[in-house]
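So the structure is just underneath, and the comments pick up after that.
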Amino acid sequence: MPELPEVETTVTGITPLISGQKITNIVIREHRLRWPIPADLPKTLQGQTVASVSRRAKYILIKFQHGTLLIHLGMSGSLRFIDKDFELAKHDHVDIIFNNGKCLRFRDPRRFGAILWTTDEVSQHKLISHLGPEPLQDDFNVDYLFRRSRKRTVSIKQFIMDSKIVVGVGNIYASESLFMAGIHPTRATGLISKARFQKLCNAIKKVLSLAITQGGTTLKDFSNSDGKPGYFKQQLTVYDRADLPCKKCSQTIKHITQNNRSSYFCSRCQR
DNA sequence: ACATTGACCTGGGAGC
DNA sequence: TGCTCCCAGGTCAATG
């Protein structure tokens with residue numbers, strides 16, 4: 001269930017557990033993810049020590065002396081830190097095994113995720129180089145957002161979900177942020193005032209950082225066999241609340257489809 | 001450069 | 001029970 005907060009939580013969770021640990025082996029049971037897992041990955045990483053763990057957009061970056069492992073969780077991926085002999089489940093595609101008997105296990109039923117190796121500077125990587133700023137950093141601000149928005153005809157929801165504009169705003173948090181900012185999801189991006197972009201920018205930062213806080217409490221135990229699906233559901237103000245009353249004004253929440261993705265909004269609170 | 005659409009996968013739930 | 005259909009938290013590649 002990975003949006004940015006889930007990825008961030010995963011990174012914070014596994015960092016102290018795998019940093020400085022030496023890989024003894026990598027077991028790949030299924031190579032066919034979004035792109036094939038490199039067949040020589042076990043050979044590449046055997047005996048190597050984890051130098052650092054970080055995140056860029058929704059990519060988990062595990063750095064070694066001579067390169068970086070890029071992991072993306074796609075729609076249904078997860079990483080768990082467990083004993084290497086922990087019972088295998090369906091869709092447990094990859095084990096990264098450490099010399100302390102522990103294991104980072106990648107599970108991904110839909111196989112939209114990715115595990116790739118690069119020896120280049122990560123920021124130059126094909127999947128990373130075109131990405132926009134991180135939403136929680138200072139270069140994502142109203143001036144930037146307003147400048148990029150001019151002459152754009154797409155709806156504001158599509159715009160904030162465009163990773164070239166800003167990374168990490170997935171379908172849930174797009175709806176949530178637009179509600180908080182009081183902006184209708186179909187509104188044409190190029191016609192929105194700077195004042196409203198200020199609200200939107202603040203909302204995106206607020207919604208994501210709040211969700212990260214929540215994720216940190218519910219997913220903190222990475223040795224558990226299972227994550228907790230829907231943990232954020234109680235916090236949602238509009239997402240997946242079609243036909244339910246708006247938490248602010250009681251108006252019925254509406255559901256529409258934009259570019260084949262669900263959008264939820266309150267037609268009274270959002271204009 | 002921008003906008004739109006299809007593609008990649010499996011699983012779960014609704015409806016019959 | 002079982003079938004079909006639809007939906008799902010992502011994002012790249014191809015096309016106009």
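Please note that chains go A, B, ... in the order of the structure tokens, that every chain numbers its residues from 1, and that ligands are numbered from 1 in the order shown.
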**Request:** Report as a ChimeraX atom specification the set of chain B residues whose atoms approach chain A to within 9 Å, with distances computed over only C-alpha atoms (C1' of nucleotides).
**Result:** /B:2-5,8-11
**Request:** Mind checking which residues fall within 6 Å of Val166 of chain A, counting only C-alpha atoms (C1' of nucleotides), ignoring those fewer than 2 positions away in the same chain, and posting them as an NGL selection string?
**Result:** :A and (132-133 or 163-164)
Could the residues in this selection be written to a file with N, CA and C atoms, as a short mmCIF file (atom, residue, chain, number, x, y, z; two decimals), in the first residue's frame?
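The new file result.cif reads:
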```
data_model
loop_
_atom_site.label_atom_id
_atom_site.label_comp_id
_atom_site.auth_asym_id
_atom_site.auth_seq_id
_atom_site.Cartn_x
_atom_site.Cartn_y
_atom_site.Cartn_z
N GLY A 132 10.41 15.92 -10.32
CA GLY A 132 10.26 17.22 -9.68
C GLY A 132 10.73 17.18 -8.24
N PRO A 133 10.57 18.30 -7.53
CA PRO A 133 11.05 18.39 -6.15
C PRO A 133 10.29 17.49 -5.17
N SER A 163 4.61 13.59 -11.60
CA SER A 163 5.89 13.51 -10.87
C SER A 163 6.94 14.47 -11.41
N LYS A 164 6.72 15.03 -12.60
CA LYS A 164 7.64 16.04 -13.09
C LYS A 164 7.42 17.37 -12.36
#
```
**Request:** Pull out every residue of chain A that has at least one atom within 7 Å of chain C, counting only C-alpha atoms (C1' of nucleotides), and report them as a list in words.
**Result:** Met1, Pro2, Glu3, Gly74, Met75, Asn171 and Ile172 of chain A
**Request:** Could you pull out the residues in segment 25-154 of chain A that DSSP calls strand (DSSP E or B) from the backbone, as a VMD selection string?
**Result:** chain A and resid 25 to 28 32 36 49 52 to 56 59 to 64 67 to 72 78 to 83 92 to 98 102 to 107 114 to 118
Can you write just those residues out, C-alpha atoms, as a tab-separated table (two decimals), in the first residue's frame?
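Final output, saved to selection.tsv:
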```
chain	number	residue	atom	x	y	z
A	25	ASN	CA	23.02	-13.94	-0.60
A	26	ILE	CA	20.09	-12.74	-2.67
A	27	VAL	CA	17.38	-15.19	-3.64
A	28	ILE	CA	15.19	-14.23	-6.58
A	32	ARG	CA	9.43	-10.51	-13.73
A	36	PRO	CA	13.24	-7.80	-14.97
A	49	THR	CA	27.85	-4.02	3.02
A	52	SER	CA	23.19	3.91	3.58
A	53	VAL	CA	19.44	3.86	2.96
A	54	SER	CA	17.47	6.79	1.62
A	55	ARG	CA	14.43	7.75	-0.42
A	56	ARG	CA	13.88	9.78	-3.59
A	59	TYR	CA	12.16	4.93	-4.75
A	60	ILE	CA	13.98	3.29	-1.88
A	61	LEU	CA	17.71	3.70	-2.41
A	62	ILE	CA	20.11	1.26	-0.78
A	63	LYS	CA	23.63	2.42	-1.34
A	64	PHE	CA	26.75	0.27	-1.46
A	67	GLY	CA	26.54	1.30	-6.65
A	68	THR	CA	22.93	1.67	-5.57
A	69	LEU	CA	19.98	-0.67	-5.38
A	70	LEU	CA	16.73	1.04	-6.45
A	71	ILE	CA	13.55	-0.48	-5.09
A	72	HIS	CA	10.06	0.67	-6.03
A	78	SER	CA	6.15	-4.32	0.57
A	79	LEU	CA	9.48	-4.88	2.28
A	80	ARG	CA	9.72	-6.71	5.56
A	81	PHE	CA	12.69	-7.35	7.79
A	82	ILE	CA	12.37	-10.91	9.10
A	83	ASP	CA	14.31	-14.03	10.01
A	92	ASP	CA	7.41	-13.26	-1.84
A	93	HIS	CA	9.62	-12.67	-4.85
A	94	VAL	CA	12.99	-11.67	-3.42
A	95	ASP	CA	15.04	-12.23	-0.26
A	96	ILE	CA	18.07	-10.11	0.52
A	97	ILE	CA	19.82	-12.18	3.15
A	98	PHE	CA	22.30	-10.76	5.67
A	102	LYS	CA	18.01	-11.71	8.94
A	103	CYS	CA	16.41	-10.99	5.63
A	104	LEU	CA	14.77	-8.17	3.74
A	105	ARG	CA	11.86	-9.78	1.94
A	106	PHE	CA	10.18	-8.16	-1.06
A	107	ARG	CA	6.59	-9.11	-1.70
A	114	ALA	CA	10.95	-2.76	-9.48
A	115	ILE	CA	14.37	-3.78	-8.20
A	116	LEU	CA	17.22	-2.33	-10.22
A	117	TRP	CA	20.94	-1.83	-9.83
A	118	THR	CA	22.90	1.20	-10.94
```
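As for atom CA of Tyr239 of chain A and atom CA of Tyr173 of chain A, they are spaced 8.2 Å apart.
Between atom CA of Leu88 of chain A and atom CA of Gln48 of chain A the interatomic distance comes to 24.6 Å.
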**Asked** Hey, what's within 12 Å of Pro245 of chain A if we count only C-alpha atoms (C1' of nucleotides) and toss same-chain stuff fewer than 4 positions away? As a ChimeraX atom specification, please?
**Response** /A:237-238,240-241,249-254,264-269
